[in-house]
$ cat target.tsv   # TSV, C-alpha atoms and all ligand atoms
chain	number	residue	atom	x	y	z
W	429	MET	CA	14.81	-5.54	17.19
W	430	SER	CA	11.51	-4.52	18.79
W	431	HIS	CA	10.77	-1.15	20.37
W	432	ASN	CA	7.17	-2.08	21.24
W	433	LEU	CA	6.04	0.81	19.05
W	434	LEU	CA	2.70	-0.88	18.30
W	435	LYS	CA	2.07	-2.56	21.64
W	436	GLY	CA	-1.69	-2.82	22.26
W	437	LYS	CA	-2.56	-1.73	18.70
W	438	LYS	CA	-4.77	-3.73	16.33
W	439	GLY	CA	-4.52	-3.58	12.58
W	440	ILE	CA	-5.78	-4.98	9.28
W	441	ILE	CA	-3.20	-5.75	6.59
W	442	PHE	CA	-4.43	-5.95	2.97
W	443	GLY	CA	-2.32	-7.49	0.18
W	444	ALA	CA	0.18	-10.06	1.49
W	445	LEU	CA	0.54	-12.45	-1.47
W	446	ASP	CA	3.93	-14.06	-0.83
W	447	GLU	CA	7.00	-13.38	1.27
W	448	LYS	CA	8.25	-10.70	-1.15
W	449	SER	CA	5.04	-8.63	-0.79
W	450	LEU	CA	5.41	-5.23	0.89
W	451	ALA	CA	2.36	-6.19	2.99
W	452	TRP	CA	4.00	-9.46	4.10
W	453	ARG	CA	7.16	-7.69	5.25
W	454	THR	CA	5.05	-5.05	7.03
W	455	ALA	CA	2.91	-7.67	8.81
W	456	LEU	CA	6.05	-9.31	10.21
W	457	ARG	CA	7.41	-5.97	11.50
W	458	CYS	CA	4.05	-4.91	13.00
W	459	HIS	CA	3.85	-8.23	14.83
W	460	GLU	CA	7.42	-7.78	16.09
W	461	GLU	CA	6.45	-4.33	17.41
W	462	GLY	CA	3.61	-5.83	19.46
W	463	ALA	CA	0.55	-5.35	17.22
W	464	GLN	CA	-2.35	-7.79	16.86
W	465	LEU	CA	-3.28	-8.38	13.23
W	466	VAL	CA	-5.97	-9.54	10.81
W	467	LEU	CA	-4.72	-10.50	7.34
W	468	THR	CA	-6.86	-10.17	4.23
W	469	ASN	CA	-6.57	-10.68	0.50
W	470	ALA	CA	-8.77	-11.50	-2.50
W	471	PRO	CA	-10.26	-15.03	-2.46
W	472	VAL	CA	-8.24	-15.94	-5.57
W	473	ALA	CA	-4.97	-14.92	-3.84
W	474	LEU	CA	-5.89	-16.91	-0.73
W	475	ARG	CA	-6.33	-20.03	-2.83
W	476	LEU	CA	-2.58	-20.01	-3.49
W	477	GLY	CA	-2.26	-20.83	0.20
W	478	GLU	CA	1.00	-18.95	0.85
W	479	ILE	CA	-0.65	-16.52	3.29
W	480	ASN	CA	-1.26	-19.31	5.81
W	481	LYS	CA	2.50	-19.36	6.51
W	482	LEU	CA	2.37	-15.67	7.39
W	483	ALA	CA	-0.80	-16.14	9.44
W	484	GLU	CA	1.01	-18.71	11.53
W	485	ALA	CA	4.08	-16.53	11.98
W	486	VAL	CA	2.09	-13.49	13.15
W	487	ASN	CA	-0.69	-15.44	14.88
W	488	ALA	CA	-3.46	-13.77	12.85
W	489	PRO	CA	-6.72	-14.94	11.26
W	490	VAL	CA	-7.08	-14.65	7.49
W	491	ILE	CA	-10.35	-13.18	6.23
W	492	ALA	CA	-11.08	-13.19	2.49
W	493	ALA	CA	-12.22	-9.93	0.89
W	494	ASP	CA	-12.26	-8.78	-2.71
W	495	VAL	CA	-11.57	-5.11	-2.20
W	496	THR	CA	-14.06	-4.11	-4.91
W	497	ASN	CA	-16.92	-5.88	-3.11
W	498	MET	CA	-18.68	-3.84	-0.40
W	499	ASP	CA	-20.31	-6.92	1.20
W	500	ASP	CA	-16.87	-8.56	1.56
W	501	LEU	CA	-15.46	-5.39	3.13
W	502	LYS	CA	-18.37	-5.04	5.56
W	503	LYS	CA	-17.90	-8.63	6.70
W	504	LEU	CA	-14.14	-8.13	7.00
W	505	PHE	CA	-14.54	-5.14	9.33
W	506	GLU	CA	-17.33	-6.76	11.36
W	507	ASP	CA	-15.31	-9.97	11.82
W	508	SER	CA	-12.14	-8.02	12.66
W	509	VAL	CA	-13.89	-5.96	15.34
W	510	THR	CA	-15.32	-9.18	16.81
W	511	HIS	CA	-11.91	-10.87	16.71
W	512	PHE	CA	-10.12	-7.92	18.36
W	513	GLY	CA	-12.96	-7.25	20.79
W	514	GLY	CA	-12.79	-3.60	19.72
W	515	LYS	CA	-12.07	-1.18	16.88
W	516	VAL	CA	-8.91	-1.17	14.75
W	517	ASP	CA	-5.99	1.27	15.15
W	518	PHE	CA	-4.32	0.93	11.76
W	519	ILE	CA	-4.88	-0.32	8.21
W	520	LEU	CA	-2.38	-1.07	5.43
W	521	HIS	CA	-3.72	-0.83	1.87
W	522	SER	CA	-1.12	-2.65	-0.23
W	523	ILE	CA	-3.10	-3.46	-3.36
W	524	GLY	CA	-2.43	-2.89	-7.02
W	525	MET	CA	-3.44	-4.50	-10.27
W	526	SER	CA	-3.45	-3.28	-13.89
W	527	LEU	CA	-5.52	-5.36	-16.25
W	528	ASN	CA	-4.26	-3.47	-19.31
W	529	VAL	CA	-0.59	-4.00	-18.36
W	530	ARG	CA	-1.37	-7.64	-17.70
W	531	LYS	CA	-2.98	-8.03	-21.14
W	532	GLY	CA	-0.10	-6.20	-22.83
W	533	LYS	CA	-2.15	-3.13	-23.80
W	534	GLY	CA	-0.08	0.08	-23.79
W	535	TYR	CA	-1.23	3.51	-22.59
W	536	THR	CA	-2.44	4.70	-26.01
W	537	GLU	CA	-4.55	1.60	-26.60
W	538	LEU	CA	-6.28	1.11	-23.25
W	539	ASP	CA	-9.31	-1.10	-23.01
W	540	TYR	CA	-11.73	1.03	-20.96
W	541	GLY	CA	-13.47	-1.94	-19.40
W	542	PHE	CA	-10.13	-3.17	-18.04
W	543	ASN	CA	-9.24	0.42	-17.12
W	544	GLN	CA	-12.33	0.81	-14.93
W	545	LYS	CA	-11.45	-2.39	-13.07
W	546	SER	CA	-7.81	-1.32	-12.63
W	547	LEU	CA	-8.85	2.03	-11.14
W	548	ASP	CA	-11.40	0.35	-8.89
W	549	ILE	CA	-8.97	-2.29	-7.55
W	550	SER	CA	-5.95	-0.02	-7.25
W	551	ALA	CA	-7.42	3.33	-6.20
W	552	MET	CA	-11.16	3.55	-5.43
W	553	SER	CA	-10.67	0.49	-3.23
W	554	LEU	CA	-9.08	2.82	-0.67
W	555	HIS	CA	-12.28	4.87	-0.69
W	556	ARG	CA	-14.33	1.67	-0.35
W	557	VAL	CA	-12.23	0.51	2.64
W	558	LEU	CA	-12.44	3.90	4.36
W	559	ARG	CA	-16.15	4.28	3.61
W	560	THR	CA	-16.86	0.85	5.14
W	561	ALA	CA	-14.85	1.66	8.25
W	562	TRP	CA	-16.58	5.09	8.44
W	563	ASP	CA	-20.09	3.61	8.19
W	564	LEU	CA	-19.34	0.97	10.85
W	565	ASP	CA	-17.29	3.41	12.97
W	566	ALA	CA	-14.60	0.71	13.03
W	567	ILE	CA	-11.42	2.81	13.48
W	568	ASN	CA	-10.33	4.22	16.86
W	569	ASP	CA	-9.68	7.97	17.26
W	570	TRP	CA	-6.11	8.79	16.13
W	571	GLY	CA	-6.05	5.63	14.00
W	572	SER	CA	-3.63	5.53	11.05
W	573	VAL	CA	-4.19	4.34	7.47
W	574	VAL	CA	-1.34	3.89	4.97
W	575	ALA	CA	-1.62	3.08	1.25
W	576	LEU	CA	1.31	2.28	-1.03
W	577	THR	CA	1.96	4.35	-4.12
W	578	TYR	CA	4.60	5.12	-6.74
W	579	ILE	CA	6.20	8.31	-8.11
W	580	ALA	CA	4.62	7.66	-11.54
W	581	ALA	CA	1.67	9.59	-10.04
W	582	GLN	CA	3.78	12.77	-10.38
W	583	ARG	CA	6.22	12.05	-13.20
W	584	VAL	CA	5.91	10.03	-16.40
W	585	PHE	CA	7.24	6.47	-16.44
W	586	PRO	CA	5.75	5.28	-19.75
W	587	ASP	CA	5.57	1.55	-19.05
W	588	TYR	CA	3.73	2.14	-15.75
W	589	SER	CA	0.82	3.03	-18.05
W	590	GLU	CA	-2.67	3.24	-16.48
W	591	MET	CA	-1.23	2.52	-13.02
W	592	ALA	CA	0.14	6.08	-13.04
W	593	ASP	CA	-3.44	7.38	-13.26
W	594	ALA	CA	-4.54	4.88	-10.62
W	595	LYS	CA	-1.83	6.08	-8.21
W	596	ALA	CA	-2.72	9.75	-8.84
W	597	LEU	CA	-6.33	8.90	-7.94
W	598	LEU	CA	-5.21	6.91	-4.88
W	599	GLU	CA	-3.19	9.88	-3.62
W	600	SER	CA	-6.16	12.19	-4.18
W	601	VAL	CA	-8.52	9.89	-2.25
W	602	THR	CA	-5.91	9.92	0.54
W	603	ARG	CA	-6.08	13.72	0.78
W	604	SER	CA	-9.86	14.00	0.41
W	605	PHE	CA	-10.83	11.21	2.82
W	606	GLY	CA	-7.95	12.30	5.08
W	607	TYR	CA	-9.71	15.64	5.48
W	608	HIS	CA	-13.08	14.13	6.39
W	609	TYR	CA	-11.75	11.36	8.67
W	610	GLY	CA	-9.37	13.81	10.36
W	611	MET	CA	-12.22	16.20	11.11
W	612	LYS	CA	-14.52	13.48	12.35
W	613	LYS	CA	-12.25	11.11	14.30
W	614	LYS	CA	-8.64	12.40	14.10
W	615	VAL	CA	-7.95	9.38	11.87
W	616	ARG	CA	-4.93	10.07	9.67
W	617	ILE	CA	-4.39	8.82	6.12
W	618	ASN	CA	-1.13	8.90	4.15
W	619	THR	CA	0.50	7.29	1.14
W	620	VAL	CA	4.06	5.94	1.10
W	621	SER	CA	5.75	6.26	-2.29
W	622	GLN	CA	8.15	3.33	-2.36
W	623	SER	CA	11.25	2.63	-4.52
W	624	PRO	CA	10.81	-0.05	-7.19
W	625	THR	CA	10.93	-3.38	-5.35
W	626	ARG	CA	11.06	-6.95	-6.68
W	627	THR	CA	7.57	-8.28	-5.88
W	628	THR	CA	4.89	-9.98	-7.98
W	629	ALA	CA	3.14	-6.66	-8.76
W	630	GLY	CA	6.44	-4.78	-9.29
W	631	SER	CA	7.91	-7.34	-11.68
W	632	GLY	CA	4.77	-7.12	-13.86
W	633	VAL	CA	5.96	-3.76	-15.25
W	634	LYS	CA	7.81	-3.99	-18.60
W	635	GLY	CA	11.57	-3.36	-18.40
W	636	PHE	CA	11.50	-3.66	-14.60
W	637	ASP	CA	15.06	-5.02	-14.26
W	638	GLY	CA	16.64	-2.13	-16.20
W	639	PHE	CA	14.49	0.31	-14.35
W	640	ILE	CA	15.34	-0.96	-10.88
W	641	SER	CA	19.08	-0.54	-11.57
W	642	TYR	CA	18.48	2.95	-13.05
W	643	ALA	CA	16.58	3.94	-9.86
W	644	GLU	CA	19.40	2.50	-7.75
W	645	LYS	CA	21.91	4.71	-9.59
W	646	MET	CA	19.60	7.75	-9.36
W	647	SER	CA	19.09	7.56	-5.58
W	648	PRO	CA	21.74	8.98	-3.24
W	649	LEU	CA	20.89	6.31	-0.65
W	650	GLY	CA	20.10	3.58	-3.20
W	651	ASN	CA	16.69	1.88	-3.57
W	652	ALA	CA	14.71	1.31	-0.39
W	653	THR	CA	14.07	-2.39	0.28
W	654	ALA	CA	10.77	-4.00	1.28
W	655	ASP	CA	11.98	-4.42	4.87
W	656	GLU	CA	12.98	-0.75	5.04
W	657	CYS	CA	9.52	0.14	3.72
W	658	ALA	CA	7.98	-1.99	6.50
W	659	ASN	CA	10.04	-0.11	9.12
W	660	TYR	CA	8.83	3.24	7.80
W	661	ILE	CA	5.20	2.09	7.81
W	662	VAL	CA	5.56	0.95	11.44
W	663	THR	CA	6.52	4.52	12.39
W	664	LEU	CA	3.41	5.82	10.60
W	665	PHE	CA	1.19	3.40	12.53
W	666	SER	CA	2.85	4.43	15.80
W	667	ASP	CA	1.95	7.39	18.01
W	668	LEU	CA	5.27	9.05	17.14
W	669	THR	CA	3.80	10.46	13.91
W	670	LYS	CA	0.39	11.50	15.22
W	671	MET	CA	0.17	14.84	13.45
W	672	VAL	CA	1.04	13.56	9.95
W	673	THR	CA	-1.93	13.21	7.63
W	674	MET	CA	-3.03	13.69	3.98
W	675	GLN	CA	0.60	13.40	2.83
W	676	ASN	CA	2.38	11.54	0.07
W	677	LEU	CA	5.63	10.48	1.74
W	678	PHE	CA	8.54	9.47	-0.48
W	679	HIS	CA	10.43	6.43	0.76
W	680	ASP	CA	12.88	6.15	-2.10
W	681	GLY	CA	16.45	6.90	-1.00
W	682	GLY	CA	16.18	10.44	-2.43
W	683	PHE	CA	15.19	9.42	-6.00
W	684	SER	CA	12.24	11.86	-6.14
W	685	PHE	CA	14.41	14.98	-5.67
W	686	THR	CA	17.47	13.95	-7.64
W	687	GLY	CA	17.97	15.49	-11.11
W	688	VAL	CA	20.97	13.40	-12.09
W	689	THR	CA	23.84	11.54	-10.41
W	690	GLU	CA	27.49	11.03	-11.30
W	691	ALA	CA	26.81	7.33	-11.84
W	692	VAL	CA	24.20	8.12	-14.51
W	693	ILE	CA	26.42	10.77	-16.19
W	694	ASN	CA	29.31	8.30	-16.29
W	695	GLN	CA	27.04	5.69	-17.88
W	696	MET	CA	25.91	8.22	-20.54
W	697	GLU	CA	29.50	9.17	-21.38
W	698	LYS	CA	30.49	5.57	-22.12
R	1	LIG	N1	6.87	-3.41	-6.00
R	1	LIG	C1	7.09	-2.16	-6.33
R	1	LIG	O1	8.03	-1.83	-7.07
R	1	LIG	C2	6.20	-1.08	-5.77
R	1	LIG	C3	6.64	0.26	-5.73
R	1	LIG	C4	5.80	1.25	-5.24
R	1	LIG	C5	4.51	0.90	-4.83
R	1	LIG	N2	4.09	-0.40	-4.89
R	1	LIG	C6	2.72	-0.72	-4.46
R	1	LIG	O2	2.77	-1.56	-3.32
R	1	LIG	C7	1.52	-2.26	-3.23
R	1	LIG	C8	1.77	-3.74	-2.97
R	1	LIG	O3	2.36	-4.34	-4.09
R	1	LIG	P1	3.58	-5.38	-3.99
R	1	LIG	O4	4.68	-4.77	-4.78
R	1	LIG	O5	3.84	-5.80	-2.59
R	1	LIG	O6	3.07	-6.62	-4.88
R	1	LIG	P2	2.14	-7.88	-4.53
R	1	LIG	O7	1.80	-8.47	-5.85
R	1	LIG	O8	2.83	-8.74	-3.55
R	1	LIG	O9	0.83	-7.25	-3.84
R	1	LIG	C9	-0.31	-6.79	-4.57
R	1	LIG	C10	-1.53	-7.34	-3.82
R	1	LIG	O10	-2.76	-6.82	-4.33
R	1	LIG	C11	-3.72	-7.86	-4.10
R	1	LIG	N3	-4.95	-7.66	-4.86
R	1	LIG	C12	-5.10	-7.58	-6.22
R	1	LIG	N4	-6.41	-7.49	-6.54
R	1	LIG	C13	-7.11	-7.49	-5.37
R	1	LIG	C14	-8.50	-7.44	-5.04
R	1	LIG	N5	-9.44	-7.34	-6.00
R	1	LIG	N6	-8.87	-7.47	-3.73
R	1	LIG	C15	-7.94	-7.57	-2.75
R	1	LIG	N7	-6.60	-7.62	-3.01
R	1	LIG	C16	-6.19	-7.61	-4.29
R	1	LIG	C17	-2.95	-9.10	-4.57
R	1	LIG	O11	-3.58	-10.31	-4.21
R	1	LIG	C18	-1.62	-8.87	-3.91
R	1	LIG	O12	-1.59	-9.44	-2.61
R	1	LIG	C19	0.76	-1.95	-4.53
R	1	LIG	O13	-0.13	-0.89	-4.31
R	1	LIG	C20	1.90	-1.51	-5.45
R	1	LIG	O14	1.43	-0.70	-6.51
R	1	LIG	C21	4.91	-1.39	-5.34
$ encode --input "target.tsv" --output "structure tokens"
Amino acid sequence: MSHNLLKGKKGIIFGALDEKSLAWRTALRCHEEGAQLVLTNAPVALRLGEINKLAEAVNAPVIAADVTNMDDLKKLFEDSVTHFGGKVDFILHSIGMSLNVRKGKGYTELDYGFNQKSLDISAMSLHRVLRTAWDLDAINDWGSVVALTYIAAQRVFPDYSEMADAKALLESVTRSFGYHYGMKKKVRINTVSQSPTRTTAGSGVKGFDGFISYAEKMSPLGNATADECANYIVTLFSDLTKMVTMQNLFHDGGFSFTGVTEAVINQMEK
């Protein structure tokens, strides 16, 4: 159901890989709420071709950009502003990649070359995106930027490995750039800390199936789904949340503040 919450707004969505992606679900909801969109992903992800289905559904152009490449980002913003005939109102950063996890290297045996790339793709990329928009003055006053994160930035989840450090850095960039962009243009920047969700990136973490059912049992409301995450992000892009910035917002059914649940105690007593 649409409430026209984003009517007249224009946004760039990073990171829709396939229909399970948090970015894919969010693009569909933003479109439903009346937004105009530009979709972007790394050239290698675009070659899979899936994103064209989404582009058709939300009537949006697809512009390739490797988020670690400043020339790609500059072109993305320039082309988006031309396409929209004006600046953008919102941006979704839905990007994560751990080379060490991918290569099976645990936290105590990190390859630092891979580590640098993981931090660049998953965290400093938010700085790169914001810096590009800042230099081109490509975001309207009171614009809203959301990046996706995970609670491993605050608490240890051993198999999340270097991505925990990446998310801690991402949340710090959110606060620091949030200060500067807020002062300059009233642009607000927040992270949404989402429940574990079955996506390509999510399923890459070791023991994901066991973990997702543990989180379900540890959350009073249960795990938040990708579509519920999309709904929450729509509210953050809307004018209803204008004074929220520099925050890490948990969207996790209460997991982050739960010490233990009856379901987990019962399981332990078996
Ligand atoms: N799935 C979960 O359990 C979960 C939970 C909390 C947070 N998150 C976060 O949500 C975000 C989206 O992940 P997802 O779960 O939808 O998985 P996903 O695999 O669908 O999305 C990850 C995206 O990152 C893109 N990407 C990787 N390298 C890139 C590069 N160099 N340039 C541009 N894009 C690049 C991929 O192409 C892909 O579209 C990530 O930040 C992830 O850490 C996921």
$ residues_around --input "target.tsv" --residues "W:Val672" --least-positions-apart "5" --cutoff "12 Å" --atoms "all atoms listed in the file" --output "ChimeraX atom specification"
/W:570-574,603,606-607,610,614-619,663-667,677
$ write_last_selection --input "target.tsv" --atoms "C-alpha atoms" --output "PDB file, keeping the file's coordinate frame"
ATOM      1  CA  TRP W 570      -6.110   8.790  16.130  1.00  0.00           C
ATOM      2  CA  GLY W 571      -6.050   5.630  14.000  1.00  0.00           C
ATOM      3  CA  SER W 572      -3.630   5.530  11.050  1.00  0.00           C
ATOM      4  CA  VAL W 573      -4.190   4.340   7.470  1.00  0.00           C
ATOM      5  CA  VAL W 574      -1.340   3.890   4.970  1.00  0.00           C
ATOM      6  CA  ARG W 603      -6.080  13.720   0.780  1.00  0.00           C
ATOM      7  CA  GLY W 606      -7.950  12.300   5.080  1.00  0.00           C
ATOM      8  CA  TYR W 607      -9.710  15.640   5.480  1.00  0.00           C
ATOM      9  CA  GLY W 610      -9.370  13.810  10.360  1.00  0.00           C
ATOM     10  CA  LYS W 614      -8.640  12.400  14.100  1.00  0.00           C
ATOM     11  CA  VAL W 615      -7.950   9.380  11.870  1.00  0.00           C
ATOM     12  CA  ARG W 616      -4.930  10.070   9.670  1.00  0.00           C
ATOM     13  CA  ILE W 617      -4.390   8.820   6.120  1.00  0.00           C
ATOM     14  CA  ASN W 618      -1.130   8.900   4.150  1.00  0.00           C
ATOM     15  CA  THR W 619       0.500   7.290   1.140  1.00  0.00           C
ATOM     16  CA  THR W 663       6.520   4.520  12.390  1.00  0.00           C
ATOM     17  CA  LEU W 664       3.410   5.820  10.600  1.00  0.00           C
ATOM     18  CA  PHE W 665       1.190   3.400  12.530  1.00  0.00           C
ATOM     19  CA  SER W 666       2.850   4.430  15.800  1.00  0.00           C
ATOM     20  CA  ASP W 667       1.950   7.390  18.010  1.00  0.00           C
ATOM     21  CA  LEU W 677       5.630  10.480   1.740  1.00  0.00           C
TER      22      LEU W 677
END
$ closest_residue --input "target.tsv" --among "W:Asp548, W:Asp517, W:Glu506, W:Glu460" --to "ligand LIG 1 (chain R)" --atoms "only C-alpha atoms and all ligand atoms"
W:Asp548
$ residues_around --input "target.tsv" --residues "stretch 531-543 of chain W" --least-positions-apart "3" --cutoff "8 Å" --atoms "all atoms listed in the file" --output "ChimeraX atom specification"
/W:526-528,546-547,586-587,589-590
$ write_last_selection --input "target.tsv" --atoms "C-alpha atoms" --output "compact mmCIF listing (two decimals), in the frame of the given file"
# COMPACT_ATOMS: atom_id res chain seq x y z
CA SER W 526 -3.45 -3.28 -13.89
CA LEU W 527 -5.52 -5.36 -16.25
CA ASN W 528 -4.26 -3.47 -19.31
CA SER W 546 -7.81 -1.32 -12.63
CA LEU W 547 -8.85 2.03 -11.14
CA PRO W 586 5.75 5.28 -19.75
CA ASP W 587 5.57 1.55 -19.05
CA SER W 589 0.82 3.03 -18.05
CA GLU W 590 -2.67 3.24 -16.48
$ residues_near_point --input "target.tsv" --point "(-19.7, 0.5, 12.4)" --cutoff "12 Å" --atoms "only C-alpha atoms" --output "ChimeraX atom specification"
/W:501-510,514-516,558-568
$ residues_near_ligand --input "target.tsv" --ligand "ligand LIG 1 (chain R)" --cutoff "8 Å" --atoms "all atoms listed in the file" --output "MDAnalysis selection string"
chainID W and resid 442:452 468:474 493:496 521:525 549:550 575:579 591 595 620:631
$ closest_residue --input "target.tsv" --among "W:His679, W:Ala581, W:Phe518, W:Glu484" --to "W:Asp655" --atoms "all atoms listed in the file"
W:His679
$ residues_around --input "target.tsv" --residues "W:Ser684" --least-positions-apart "2" --cutoff "12 Å" --atoms "only C-alpha atoms" --output "mmCIF file with C-alpha atoms, keeping the file's coordinate frame"
data_model
loop_
_atom_site.group_PDB
_atom_site.id
_atom_site.type_symbol
_atom_site.label_atom_id
_atom_site.label_comp_id
_atom_site.auth_asym_id
_atom_site.auth_seq_id
_atom_site.Cartn_x
_atom_site.Cartn_y
_atom_site.Cartn_z
ATOM 1 C CA TYR W 578 4.600 5.120 -6.740
ATOM 2 C CA ILE W 579 6.200 8.310 -8.110
ATOM 3 C CA ALA W 580 4.620 7.660 -11.540
ATOM 4 C CA ALA W 581 1.670 9.590 -10.040
ATOM 5 C CA GLN W 582 3.780 12.770 -10.380
ATOM 6 C CA ARG W 583 6.220 12.050 -13.200
ATOM 7 C CA SER W 621 5.750 6.260 -2.290
ATOM 8 C CA GLN W 622 8.150 3.330 -2.360
ATOM 9 C CA SER W 623 11.250 2.630 -4.520
ATOM 10 C CA ALA W 643 16.580 3.940 -9.860
ATOM 11 C CA GLU W 644 19.400 2.500 -7.750
ATOM 12 C CA MET W 646 19.600 7.750 -9.360
ATOM 13 C CA SER W 647 19.090 7.560 -5.580
ATOM 14 C CA PRO W 648 21.740 8.980 -3.240
ATOM 15 C CA LEU W 649 20.890 6.310 -0.650
ATOM 16 C CA GLY W 650 20.100 3.580 -3.200
ATOM 17 C CA ASN W 651 16.690 1.880 -3.570
ATOM 18 C CA ASN W 676 2.380 11.540 0.070
ATOM 19 C CA LEU W 677 5.630 10.480 1.740
ATOM 20 C CA PHE W 678 8.540 9.470 -0.480
ATOM 21 C CA HIS W 679 10.430 6.430 0.760
ATOM 22 C CA ASP W 680 12.880 6.150 -2.100
ATOM 23 C CA GLY W 681 16.450 6.900 -1.000
ATOM 24 C CA GLY W 682 16.180 10.440 -2.430
ATOM 25 C CA THR W 686 17.470 13.950 -7.640
ATOM 26 C CA GLY W 687 17.970 15.490 -11.110
ATOM 27 C CA VAL W 688 20.970 13.400 -12.090
#
$ build_atoms --input "target.tsv" --residues "stretch 541-547 of chain W" --atoms "all heavy atoms" --output "tab-separated table (two decimals), in the frame of the given file"
chain	number	residue	atom	x	y	z
W	541	GLY	N	-12.86	-1.01	-20.35
W	541	GLY	CA	-13.47	-1.94	-19.40
W	541	GLY	C	-12.41	-2.38	-18.39
W	541	GLY	O	-12.61	-2.31	-17.17
W	542	PHE	N	-11.24	-2.79	-18.92
W	542	PHE	CA	-10.13	-3.17	-18.04
W	542	PHE	C	-9.73	-1.98	-17.18
W	542	PHE	O	-9.44	-2.12	-15.99
W	542	PHE	CB	-8.89	-3.58	-18.85
W	542	PHE	CG	-9.03	-4.85	-19.65
W	542	PHE	CD1	-8.18	-5.10	-20.74
W	542	PHE	CD2	-9.97	-5.82	-19.31
W	542	PHE	CE1	-8.28	-6.26	-21.47
W	542	PHE	CE2	-10.08	-7.00	-20.04
W	542	PHE	CZ	-9.23	-7.21	-21.13
W	543	ASN	N	-9.69	-0.80	-17.82
W	543	ASN	CA	-9.24	0.42	-17.12
W	543	ASN	C	-10.10	0.70	-15.89
W	543	ASN	O	-9.59	1.01	-14.80
W	543	ASN	CB	-9.28	1.59	-18.10
W	543	ASN	CG	-8.80	2.89	-17.46
W	543	ASN	OD1	-9.56	3.85	-17.33
W	543	ASN	ND2	-7.55	2.93	-17.04
W	544	GLN	N	-11.43	0.56	-16.06
W	544	GLN	CA	-12.33	0.81	-14.93
W	544	GLN	C	-12.03	-0.13	-13.77
W	544	GLN	O	-11.99	0.27	-12.62
W	544	GLN	CB	-13.77	0.59	-15.38
W	544	GLN	CG	-14.51	1.89	-15.45
W	544	GLN	CD	-15.93	1.70	-15.96
W	544	GLN	OE1	-16.39	0.58	-16.20
W	544	GLN	NE2	-16.61	2.81	-16.11
W	545	LYS	N	-11.75	-1.39	-14.11
W	545	LYS	CA	-11.45	-2.39	-13.07
W	545	LYS	C	-10.13	-2.06	-12.38
W	545	LYS	O	-10.00	-2.17	-11.16
W	545	LYS	CB	-11.36	-3.79	-13.68
W	545	LYS	CG	-12.71	-4.38	-13.99
W	545	LYS	CD	-12.66	-5.92	-13.95
W	545	LYS	CE	-14.06	-6.49	-14.11
W	545	LYS	NZ	-14.27	-7.15	-15.40
W	546	SER	N	-9.13	-1.65	-13.20
W	546	SER	CA	-7.81	-1.32	-12.63
W	546	SER	C	-7.94	-0.17	-11.64
W	546	SER	O	-7.35	-0.20	-10.55
W	546	SER	CB	-6.81	-0.92	-13.72
W	546	SER	OG	-6.70	-1.94	-14.66
W	547	LEU	N	-8.69	0.87	-12.02
W	547	LEU	CA	-8.85	2.03	-11.14
W	547	LEU	C	-9.63	1.65	-9.88
W	547	LEU	O	-9.33	2.13	-8.78
W	547	LEU	CB	-9.57	3.17	-11.87
W	547	LEU	CG	-8.85	3.77	-13.08
W	547	LEU	CD1	-9.67	4.90	-13.70
W	547	LEU	CD2	-7.48	4.31	-12.70
